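Colleague: Dropping the structure in here first, questions after.
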Amino acid sequence: MSTVVNTRRERVWRAISAPAEMIRWDDQVVSLESPAPGYPESGEPAHWRYRLGSVSVDLLDRPLEVVQGQRLKHAMSIGAFDFEEVYTLAFEGTLRTRLSLRVASSTNSVPVVGGFLDRFDVRRLASKRVDRNLRSIQKWCENHP
């Protein structure tokens, strides 16, 4: 999924790569528990507290590929869910940036009380996450140049 953000690519990059900004646009991120020096360039994991519904869980974020201002790929682990997120930024005009986000999930079948969360539920949750993140980043960048 992708969206066009009415600002420069450098601004959007800062929103997805600076922990202080990520906490501000993502209302599910509670706090950064153990920062990685130089995040995301270091490749070391960052440990966040994350709100999944009404439950506070650990989120482990490990950068896998960083191309400054263009692409950020990281392995994410939220509770029992493991997946990769890939942000891609491209010029869409002088003051516009196309921001794309892809979530790739491994085979997640998580036992829950009374049954299993199947792959279709995981796909639905991933789609909601992508849509929410894209809209939140767009709104944040356009309202906080």
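Going through the structure tokens in order, the chains are called A, B, and so on, while each chain numbers its residues from 1 and the ligands are numbered from 1 in the order shown.
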From stretch 13-102 of chain A, collect each residue whose DSSP state is alpha helix (DSSP H) and return the set as a list in words.
Modeller: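 Of stretch 13-102 of chain A, only Trp13, Arg14, Ala15, Ile16, Ser17, Pro19, Ala20, Glu21, Met22, Ile23, Arg24 and Trp25 of chain A fall in alpha helix (DSSP H).
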Colleague: Any idea what's packed within 9 Å of A:Leu59, counting only C-alpha atoms, ignoring anything in its chain fewer than 6 positions away? Could you give it as a ChimeraX atom specification?
Modeller: /A:29,46-50,76-79
Colleague: Taking C-alpha atoms for each residue, export the selection above as a short mmCIF file (atom, residue, chain, number, x, y, z; two decimals), in the first residue's frame.
Modeller:
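Written output follows (result-v6.cif):
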```
data_model
loop_
_atom_site.label_atom_id
_atom_site.label_comp_id
_atom_site.auth_asym_id
_atom_site.auth_seq_id
_atom_site.Cartn_x
_atom_site.Cartn_y
_atom_site.Cartn_z
CA VAL A 29 3.91 3.14 20.65
CA ALA A 46 15.40 -1.23 19.53
CA HIS A 47 12.99 -2.36 22.24
CA TRP A 48 9.67 -0.49 22.49
CA ARG A 49 6.56 -0.76 24.67
CA TYR A 50 3.60 -1.06 22.34
CA MET A 76 9.49 -6.71 13.86
CA SER A 77 8.25 -8.83 16.71
CA ILE A 78 5.11 -7.78 18.57
CA GLY A 79 4.16 -10.27 21.20
#
```
Colleague: Within 12 Å of A:Pro35, counting only C-alpha atoms, which residues qualify if same-chain residues fewer than 3 places away don't, as a list of chain:residue names?
Modeller: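 Selected residues are A:Ala18, A:Pro19, A:Ala20, A:Ser31, A:Leu32, A:Gly38, A:Tyr39, A:Pro40, A:Ser42, A:Gly43, A:Glu44, A:Pro45, A:Ala46, A:His47, A:Trp48, A:Arg49, A:Leu60, A:Asp61, A:Arg62.
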Colleague: Leaving out stretch 86-103 of chain A and any residue of its chain fewer than 6 positions from it, which residues lie within 8 Å of it when counting only C-alpha atoms, given as a list of chain:residue names?
Modeller: A:Met1, A:Ser2, A:Thr3, A:Val4, A:Val5, A:Asn6, A:Thr7, A:Arg8, A:Arg9, A:Val12, A:Trp13, A:Gly69, A:Gln70, A:Arg71, A:Leu72, A:Lys73, A:His74, A:Ala126, A:Val130, A:Leu134
Colleague: Between A:Lys128, A:Lys139, A:His144, A:Arg51, single out the one closest to A:Asp27, counting only C-alpha atoms.
Modeller: A:Arg51
Colleague: Write down as a ChimeraX atom specification the residues belonging to chain A that are assigned strand (DSSP E) by DSSP computed on the backbone.
Modeller: /A:2-5,29-34,46-52,55-67,71-78,81-91,97-105,110-112,115-117
Colleague: What is the atom CA of A:Pro37 to atom CA of A:Asp131 distance in Å?
Modeller: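 Those two atoms sit 28.9 Å apart.
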